[in-house]
There are 2 protein chains.
Amino acid sequence: MMQAMSGIEWDAAQLAAWSEPRLARCEQALSRWVGVNAPVLLGDAMRYAVLDGGKRLRPLLVLAASEAVDGHDEAALRAACAAELIHAYSLVHDDLPCMDNDVLRRGKPTVHVQYGEADALLAGDALQALAFELLTPDDAGIAPVVQARLCRLLARAAGSEGMAGGQAIDLASVGRVLDEASLRQMHRLKTGALLQGSVEMGAGCAEQVPADVLAALRDYGAALGLAFQVVDDILDVTADSQTLGKTAGKDAASDKPTYVSLLGLDGARAEATRLLGDALAALDRCPLTDTAALRALARMVVERDR
Amino acid sequence: MMQAMSGIEWDAAQLAAWSEPRLARCEQALSRWVGVNAPVLLGDAMRYAVLDGGKRLRPLLVLAASEAVDGHDEAALRAACAAELIHAYSLVHDDLPCMDNDVLRRGKPTVHVQYGEADALLAGDALQALAFELLTPDDAGIAPVVQARLCRLLARAAGSEGMAGGQAIDLASVGRVLDEASLRQMHRLKTGALLQGSVEMGAGCAEQVPADVLAALRDYGAALGLAFQVVDDILDVTADSQTLGKTAGKDAASDKPTYVSLLGLDGARAEATRLLGDALAALDRCPLTDTAALRALARMVVERDR
């Protein structure tokens, strides 16, 4: 397997040096696996939705967590891609006219603008199925117990008590005032579940992981997941569409409750910093020697500008 | 586990006596598992889509195949429900305005008519995730190798080289003339993959299954899957909406290629009879003693009137 570099706190160059070969490997794997044997238009839509775009934060979290526990290399690559497929399908469906009706994503027309609504719907559906197919190869030397565990974690993170549930709460909340606990619960599911699930899947790539390691990584993932959403809400207000690669200001325009509307811009920034502290503190409690990549990813989530 | 009854060719009463307790068990399990801890509207939409309706053919195929190979009982129940969830989600998405735009299903308003398009979309997404979650419990005593295999079979049956791929071909075929080979390929994916996958999942509920048994059951499932669609095409022409519980005549109205448009009504009936023969012949090659339920289900598929 790839070796994680040593060091306690990385600077941006160190994180980039760690990330780049791993991102390249994920891109190659996604290109090899997504939509290749599908009917032609469907396969094109699937590839358009997934390839050549996105920060790939979920894959990096999977790989960093797996390396921290010395997980199975091929399992981690597959889990990294599977988490990204779930993320990608959720964006395709989220952008549809009956949901957010968005036309711009990662600086390109959204999938339904490019391929039509019906093929966008099916591409999303097929990407979700493909995620579970990637996790269960019959010839990759991955222990069945790891395969089953990865499917379990991903299904829970994606489903009605995870991402899809959070989106349903989000839908129901438009135009309503949420208190902080409700807002937190919505985001814990909508964005947090898959980010936390990515960390847990990475940890699950080792056949056996001590319970205290799992608990610490779960806490790290939960704090990082919320921090990500707080920062998303901040960027929706402070960044422009070109930098974001998607429509800025749309939360306010659609009267959605956000951390900024609840806490104000300064309050939201303080919350993001606090959550970063929680994530790093969880790693400090973790009896692992090599959490530098996880620490750097948490900082990147909070300090990013898009 | 439940014992399959003996006998070579069952009549309708024998099939009913076998089916009824199994259907009741599936209904109870689905009611216990679907949408229970989901956000309230989403959970309601999921339950509306799944409970109290449908022939439950896929669950019965899973259970019959599992009993034929003496599969793990709880694994079979979960696989039966998982196959039904994939079927149910595909109907919810298929009925959406951007696909078939259908308002009637199983004699009730479709999910998006009842709950709105956005919640219907999310309910379908969450049902797909739930299918994989049901297959991977961490406390049900199901061997990880069985859990992983069931996920693999279901993911392949549901995805871009299975059901979703078939729906994409179907979409692209509206208004075009398909030859028999193309029509067969479309239906092999659109309807056949999940029906065949249900049989294979049932067979996969045993930890070890001889290759010749698997091959025979796969052939049985493939023939049955195509036969189902041929009969669907016939019923679309010959039955009325009330009997079907969905809009009759919609294939012709939407200018979709069908077996009836290709072969004529008599030709399609002959094709269904031929495929039933193929399914039964596959079982005759199968070194299993107890295939009575599978035989009776194949007959039911071809002789049904809705």
# chains A, B, ... in the order shown; residues from 1 in each chain; ligands from 1
call {"tool": "select_by_dssp", "arguments": {"residues": "segment 34-235 of chain A", "states": "alpha helix (DSSP H)", "output": "ChimeraX atom specification"}}
result
/A:40-50,57-68,73-94,111-115,117-134,144-158,163-173,180-187,193-203,211-235
call {"tool": "residues_around", "arguments": {"residues": "Ser66 of chain A", "least_positions_apart": "5", "cutoff": "6 Å", "atoms": "only C-alpha atoms", "output": "list of chain:residue names"}}
result
A:Gly71, A:Gly202, A:Ala203, A:Cys205
call {"tool": "atom_distance", "arguments": {"atom1": "atom CA of Val174 of chain B", "atom2": "atom CA of Thr258 of chain B"}}
result
10.4 Å
call {"tool": "calpha_fit_and_write", "arguments": {"fixed": "chain B", "moving": "chain A", "output": "compact mmCIF listing (two decimals) with C-alpha atoms, in the first residue's frame"}}
result
# COMPACT_ATOMS: atom_id res chain seq x y z
CA MET A 1 -36.48 -22.52 8.39
CA MET A 2 -39.84 -22.93 6.74
CA GLN A 3 -40.10 -26.23 4.92
CA ALA A 4 -41.11 -26.22 1.29
CA MET A 5 -43.90 -28.62 0.55
CA SER A 6 -43.13 -31.63 -1.58
CA GLY A 7 -44.71 -32.46 -4.94
CA ILE A 8 -43.71 -32.01 -8.58
CA GLU A 9 -46.46 -29.87 -10.10
CA TRP A 10 -48.62 -27.81 -7.81
CA ASP A 11 -52.09 -26.52 -8.56
CA ALA A 12 -53.11 -22.97 -7.68
CA ALA A 13 -54.29 -23.97 -4.21
CA GLN A 14 -50.96 -25.58 -3.40
CA LEU A 15 -49.06 -22.51 -4.58
CA ALA A 16 -51.36 -20.31 -2.49
CA ALA A 17 -50.81 -22.51 0.57
CA TRP A 18 -47.06 -22.16 0.10
CA SER A 19 -47.16 -18.44 -0.70
CA GLU A 20 -49.49 -17.12 1.95
CA PRO A 21 -47.41 -17.57 5.09
CA ARG A 22 -44.32 -16.38 3.23
CA LEU A 23 -46.08 -13.27 1.92
CA ALA A 24 -47.34 -12.53 5.41
CA ARG A 25 -43.82 -12.83 6.77
CA CYS A 26 -42.45 -10.49 4.10
CA GLU A 27 -45.17 -7.92 4.76
CA GLN A 28 -44.41 -7.98 8.47
CA ALA A 29 -40.70 -7.63 7.83
CA LEU A 30 -41.17 -4.76 5.37
CA SER A 31 -43.48 -3.01 7.77
CA ARG A 32 -40.87 -3.36 10.51
CA TRP A 33 -37.95 -2.21 8.33
CA VAL A 34 -39.17 0.44 5.90
CA GLY A 35 -39.12 4.11 6.82
CA VAL A 36 -39.52 3.57 10.53
CA ASN A 37 -36.74 5.85 11.76
CA ALA A 38 -36.77 8.17 8.75
CA PRO A 39 -37.86 11.82 8.90
CA VAL A 40 -41.61 11.67 8.99
CA LEU A 41 -42.68 12.68 5.47
CA LEU A 42 -39.89 10.69 3.86
CA GLY A 43 -40.72 7.63 5.92
CA ASP A 44 -44.40 7.95 5.01
CA ALA A 45 -43.56 8.14 1.32
CA MET A 46 -41.26 5.12 1.57
CA ARG A 47 -43.92 3.06 3.32
CA TYR A 48 -46.60 4.19 0.88
CA ALA A 49 -44.40 3.05 -1.99
CA VAL A 50 -43.74 -0.38 -0.54
CA LEU A 51 -46.47 -1.56 1.80
CA ASP A 52 -49.88 -2.93 1.02
CA GLY A 53 -49.54 -3.56 -2.66
CA GLY A 54 -47.76 -5.51 -5.32
CA LYS A 55 -47.65 -9.17 -6.22
CA ARG A 56 -44.38 -9.67 -4.32
CA LEU A 57 -43.12 -11.91 -7.10
CA ARG A 58 -39.46 -11.07 -6.43
CA PRO A 59 -39.64 -11.95 -2.73
CA LEU A 60 -41.36 -15.24 -3.56
CA LEU A 61 -38.63 -16.07 -6.10
CA VAL A 62 -35.93 -15.34 -3.53
CA LEU A 63 -37.61 -17.50 -0.90
CA ALA A 64 -38.37 -20.38 -3.29
CA ALA A 65 -34.79 -20.45 -4.58
CA SER A 66 -33.36 -20.24 -1.08
CA GLU A 67 -35.54 -23.10 0.13
CA ALA A 68 -34.47 -25.18 -2.86
CA VAL A 69 -30.81 -24.88 -1.79
CA ASP A 70 -31.51 -24.89 1.96
CA GLY A 71 -30.31 -21.30 2.31
CA HIS A 72 -30.02 -19.24 5.48
CA ASP A 73 -33.52 -18.34 6.57
CA GLU A 74 -32.93 -14.79 7.78
CA ALA A 75 -30.68 -14.02 4.82
CA ALA A 76 -33.47 -15.13 2.49
CA LEU A 77 -36.05 -12.95 4.23
CA ARG A 78 -33.75 -9.95 3.99
CA ALA A 79 -32.88 -10.66 0.37
CA ALA A 80 -36.58 -11.06 -0.44
CA CYS A 81 -37.33 -7.65 1.07
CA ALA A 82 -34.28 -6.05 -0.54
CA ALA A 83 -35.33 -7.22 -4.00
CA GLU A 84 -38.80 -5.80 -3.41
CA LEU A 85 -37.35 -2.46 -2.27
CA ILE A 86 -35.35 -2.16 -5.48
CA HIS A 87 -38.47 -2.99 -7.47
CA ALA A 88 -40.53 -0.48 -5.49
CA TYR A 89 -37.99 2.33 -5.88
CA SER A 90 -37.82 1.71 -9.62
CA LEU A 91 -41.59 2.09 -9.88
CA VAL A 92 -41.54 5.35 -7.90
CA HIS A 93 -38.89 6.84 -10.17
CA ASP A 94 -40.43 5.35 -13.32
CA ASP A 95 -43.76 7.01 -12.52
CA LEU A 96 -42.23 10.50 -12.16
CA PRO A 97 -43.28 13.17 -14.66
CA CYS A 98 -39.85 13.18 -16.32
CA MET A 99 -40.18 9.43 -17.00
CA ASP A 100 -43.57 7.79 -17.62
CA ASN A 101 -45.60 10.50 -15.85
CA ASP A 102 -48.06 7.99 -14.46
CA VAL A 103 -50.66 8.85 -11.84
CA LEU A 104 -52.04 5.40 -10.97
CA ARG A 105 -50.14 2.43 -9.53
CA ARG A 106 -51.55 -0.60 -7.73
CA GLY A 107 -54.91 1.14 -7.83
CA LYS A 108 -53.65 4.14 -5.85
CA PRO A 109 -52.24 7.58 -6.74
CA THR A 110 -48.52 7.28 -7.49
CA VAL A 111 -46.05 8.43 -4.85
CA HIS A 112 -45.29 11.79 -6.45
CA VAL A 113 -49.01 12.54 -6.79
CA GLN A 114 -49.44 11.80 -3.10
CA TYR A 115 -46.22 13.30 -1.67
CA GLY A 116 -44.80 15.60 -4.35
CA GLU A 117 -42.00 14.97 -6.78
CA ALA A 118 -39.12 15.87 -4.50
CA ASP A 119 -40.14 13.49 -1.73
CA ALA A 120 -40.89 10.77 -4.29
CA LEU A 121 -37.39 11.16 -5.71
CA LEU A 122 -35.82 10.98 -2.23
CA ALA A 123 -38.03 8.09 -1.15
CA GLY A 124 -36.83 6.10 -4.15
CA ASP A 125 -33.22 6.96 -3.39
CA ALA A 126 -33.64 5.98 0.26
CA LEU A 127 -35.34 2.70 -0.66
CA GLN A 128 -32.36 1.72 -2.79
CA ALA A 129 -29.96 2.43 0.07
CA LEU A 130 -32.20 0.54 2.49
CA ALA A 131 -32.07 -2.54 0.28
CA PHE A 132 -28.31 -2.77 0.80
CA GLU A 133 -28.63 -1.95 4.48
CA LEU A 134 -31.04 -4.86 4.94
CA LEU A 135 -28.53 -7.21 3.34
CA THR A 136 -25.74 -6.30 5.75
CA PRO A 137 -26.95 -6.58 9.35
CA ASP A 138 -24.20 -6.91 11.90
CA ASP A 139 -26.22 -9.00 14.31
CA ALA A 140 -28.29 -11.51 12.35
CA GLY A 141 -25.87 -14.42 12.19
CA ILE A 142 -25.52 -14.23 8.42
CA ALA A 143 -22.07 -15.19 7.15
CA PRO A 144 -20.20 -12.17 5.74
CA VAL A 145 -19.56 -14.11 2.54
CA VAL A 146 -23.32 -14.41 2.05
CA GLN A 147 -23.89 -10.73 2.86
CA ALA A 148 -21.24 -9.61 0.39
CA ARG A 149 -22.54 -11.97 -2.31
CA LEU A 150 -26.12 -10.74 -1.90
CA CYS A 151 -25.00 -7.11 -2.21
CA ARG A 152 -22.98 -7.97 -5.32
CA LEU A 153 -25.90 -9.75 -7.00
CA LEU A 154 -28.38 -7.02 -6.13
CA ALA A 155 -26.10 -4.18 -7.19
CA ARG A 156 -25.46 -5.81 -10.56
CA ALA A 157 -29.15 -6.54 -11.09
CA ALA A 158 -30.15 -2.96 -10.22
CA GLY A 159 -27.44 -0.94 -11.92
CA SER A 160 -26.40 0.29 -15.33
CA GLU A 161 -25.85 -3.22 -16.65
CA GLY A 162 -29.16 -4.32 -15.18
CA MET A 163 -32.45 -2.61 -14.40
CA ALA A 164 -31.34 1.03 -14.68
CA GLY A 165 -29.57 0.23 -17.95
CA GLY A 166 -32.72 -1.38 -19.33
CA GLN A 167 -34.75 1.66 -18.42
CA ALA A 168 -32.27 3.88 -20.22
CA ILE A 169 -32.55 1.73 -23.37
CA ASP A 170 -36.33 1.85 -23.00
CA LEU A 171 -36.23 5.66 -22.84
CA ALA A 172 -34.07 5.85 -25.92
CA SER A 173 -36.31 3.44 -27.84
CA VAL A 174 -39.58 5.41 -27.68
CA GLY A 175 -40.84 6.00 -31.18
CA ARG A 176 -38.21 3.72 -32.71
CA VAL A 177 -38.67 0.29 -34.23
CA LEU A 178 -36.59 -2.34 -32.45
CA ASP A 179 -35.84 -5.76 -33.87
CA GLU A 180 -36.50 -8.76 -31.68
CA ALA A 181 -32.89 -9.04 -30.47
CA SER A 182 -32.85 -5.42 -29.31
CA LEU A 183 -36.25 -5.71 -27.66
CA ARG A 184 -35.11 -8.86 -25.90
CA GLN A 185 -31.92 -7.17 -24.70
CA MET A 186 -33.88 -4.19 -23.37
CA HIS A 187 -36.22 -6.41 -21.39
CA ARG A 188 -33.47 -8.74 -20.26
CA LEU A 189 -32.08 -5.72 -18.44
CA LYS A 190 -35.16 -3.69 -17.55
CA THR A 191 -37.28 -6.42 -15.99
CA GLY A 192 -35.31 -9.61 -16.37
CA ALA A 193 -32.19 -8.62 -14.46
CA LEU A 194 -33.94 -8.12 -11.13
CA LEU A 195 -36.15 -11.20 -11.53
CA GLN A 196 -33.13 -13.33 -12.42
CA GLY A 197 -31.20 -11.57 -9.66
CA SER A 198 -33.92 -12.50 -7.17
CA VAL A 199 -33.51 -16.18 -8.06
CA GLU A 200 -29.72 -15.88 -7.83
CA MET A 201 -29.94 -14.11 -4.48
CA GLY A 202 -32.12 -16.90 -3.17
CA ALA A 203 -29.58 -19.43 -4.34
CA GLY A 204 -26.85 -17.29 -2.80
CA CYS A 205 -28.37 -17.59 0.68
CA ALA A 206 -26.59 -20.91 1.14
CA GLU A 207 -22.93 -20.51 2.00
CA GLN A 208 -21.91 -23.01 -0.66
CA VAL A 209 -23.92 -23.87 -3.76
CA PRO A 210 -22.71 -26.26 -6.47
CA ALA A 211 -21.93 -24.55 -9.78
CA ASP A 212 -24.39 -26.69 -11.75
CA VAL A 213 -27.23 -25.72 -9.41
CA LEU A 214 -26.35 -22.04 -9.74
CA ALA A 215 -26.17 -22.29 -13.52
CA ALA A 216 -29.54 -24.03 -13.75
CA LEU A 217 -31.21 -21.50 -11.46
CA ARG A 218 -29.66 -18.65 -13.42
CA ASP A 219 -31.11 -20.07 -16.66
CA TYR A 220 -34.48 -20.52 -14.96
CA GLY A 221 -34.38 -16.90 -13.80
CA ALA A 222 -33.41 -15.58 -17.20
CA ALA A 223 -36.26 -17.40 -18.97
CA LEU A 224 -38.76 -16.43 -16.29
CA GLY A 225 -37.64 -12.79 -16.44
CA LEU A 226 -38.27 -12.56 -20.17
CA ALA A 227 -41.54 -14.47 -19.89
CA PHE A 228 -42.72 -11.96 -17.30
CA GLN A 229 -42.15 -9.06 -19.67
CA VAL A 230 -43.78 -10.78 -22.64
CA VAL A 231 -46.86 -11.37 -20.48
CA ASP A 232 -46.73 -7.76 -19.27
CA ASP A 233 -46.82 -6.60 -22.86
CA ILE A 234 -49.77 -8.91 -23.58
CA LEU A 235 -51.70 -7.67 -20.53
CA ASP A 236 -51.06 -4.05 -21.47
CA VAL A 237 -53.17 -4.76 -24.56
CA THR A 238 -55.74 -7.24 -23.25
CA ALA A 239 -56.49 -6.18 -19.66
CA ASP A 240 -58.24 -3.06 -18.37
CA SER A 241 -56.73 -0.55 -15.95
CA GLN A 242 -58.88 -1.66 -13.04
CA THR A 243 -57.70 -5.26 -13.25
CA LEU A 244 -54.06 -4.19 -13.73
CA GLY A 245 -54.16 -1.54 -11.01
CA LYS A 246 -52.19 0.67 -13.38
CA THR A 247 -52.86 2.45 -16.64
CA ALA A 248 -53.54 -0.10 -19.40
CA GLY A 249 -52.67 0.53 -23.03
CA LYS A 250 -49.95 3.00 -22.18
CA ASP A 251 -47.22 1.26 -24.15
CA ALA A 252 -49.17 1.58 -27.38
CA ALA A 253 -50.23 5.12 -26.46
CA SER A 254 -46.62 6.16 -25.87
CA ASP A 255 -45.42 4.37 -29.01
CA LYS A 256 -43.13 2.00 -27.13
CA PRO A 257 -41.94 -1.15 -28.86
CA THR A 258 -43.38 -4.28 -27.22
CA TYR A 259 -43.49 -8.01 -27.89
CA VAL A 260 -47.08 -7.56 -29.06
CA SER A 261 -46.17 -4.83 -31.54
CA LEU A 262 -43.31 -7.00 -32.77
CA LEU A 263 -44.84 -10.49 -32.78
CA GLY A 264 -48.59 -9.83 -32.68
CA LEU A 265 -50.81 -11.08 -29.85
CA ASP A 266 -50.69 -14.75 -30.85
CA GLY A 267 -46.97 -14.61 -31.49
CA ALA A 268 -46.37 -13.05 -28.07
CA ARG A 269 -48.50 -15.73 -26.41
CA ALA A 270 -46.51 -18.46 -28.14
CA GLU A 271 -43.28 -16.78 -27.01
CA ALA A 272 -44.46 -16.73 -23.39
CA THR A 273 -45.30 -20.43 -23.56
CA ARG A 274 -41.92 -21.20 -25.09
CA LEU A 275 -40.11 -19.26 -22.35
CA LEU A 276 -42.10 -21.08 -19.66
CA GLY A 277 -40.88 -24.30 -21.23
CA ASP A 278 -37.29 -23.02 -21.07
CA ALA A 279 -37.66 -22.13 -17.39
CA LEU A 280 -39.08 -25.54 -16.48
CA ALA A 281 -36.47 -27.32 -18.58
CA ALA A 282 -33.71 -25.50 -16.68
CA LEU A 283 -35.14 -26.84 -13.43
CA ASP A 284 -35.28 -30.34 -14.93
CA ARG A 285 -31.51 -30.09 -15.44
CA CYS A 286 -31.08 -28.97 -11.84
CA PRO A 287 -29.91 -31.61 -9.34
CA LEU A 288 -32.32 -30.38 -6.66
CA THR A 289 -35.17 -32.39 -5.28
CA ASP A 290 -37.51 -29.61 -4.34
CA THR A 291 -38.27 -27.17 -7.13
CA ALA A 292 -42.06 -27.34 -6.91
CA ALA A 293 -42.43 -23.74 -5.73
CA LEU A 294 -40.12 -22.44 -8.45
CA ARG A 295 -42.08 -24.41 -11.08
CA ALA A 296 -45.40 -23.12 -9.80
CA LEU A 297 -44.14 -19.52 -9.72
CA ALA A 298 -43.03 -19.78 -13.35
CA ARG A 299 -46.48 -21.03 -14.35
CA MET A 300 -48.11 -18.26 -12.37
CA VAL A 301 -46.01 -15.62 -14.15
CA VAL A 302 -47.20 -16.83 -17.54
CA GLU A 303 -50.81 -17.57 -16.61
CA ARG A 304 -51.54 -14.44 -14.52
CA ASP A 305 -54.21 -11.96 -15.59
CA ARG A 306 -52.71 -8.87 -13.93
call {"tool": "select_by_dssp", "arguments": {"residues": "segment 9-164 of chain B", "states": "strand (DSSP E)", "output": "MDAnalysis selection string"}}
result
chainID B and resid 104:105 108:109
call {"tool": "write_last_selection", "arguments": {"atoms": "N, CA and C atoms", "output": "compact mmCIF listing (two decimals), in the first residue's frame"}}
result
# COMPACT_ATOMS: atom_id res chain seq x y z
N LEU B 104 -51.32 6.52 -11.60
CA LEU B 104 -52.02 5.40 -10.96
C LEU B 104 -51.09 4.19 -10.88
N ARG B 105 -51.01 3.60 -9.71
CA ARG B 105 -50.13 2.44 -9.52
C ARG B 105 -50.73 1.58 -8.41
N LYS B 108 -53.71 2.96 -6.69
CA LYS B 108 -53.64 4.15 -5.84
C LYS B 108 -52.90 5.26 -6.59
N PRO B 109 -53.05 6.51 -6.14
CA PRO B 109 -52.24 7.57 -6.74
C PRO B 109 -50.76 7.23 -6.58
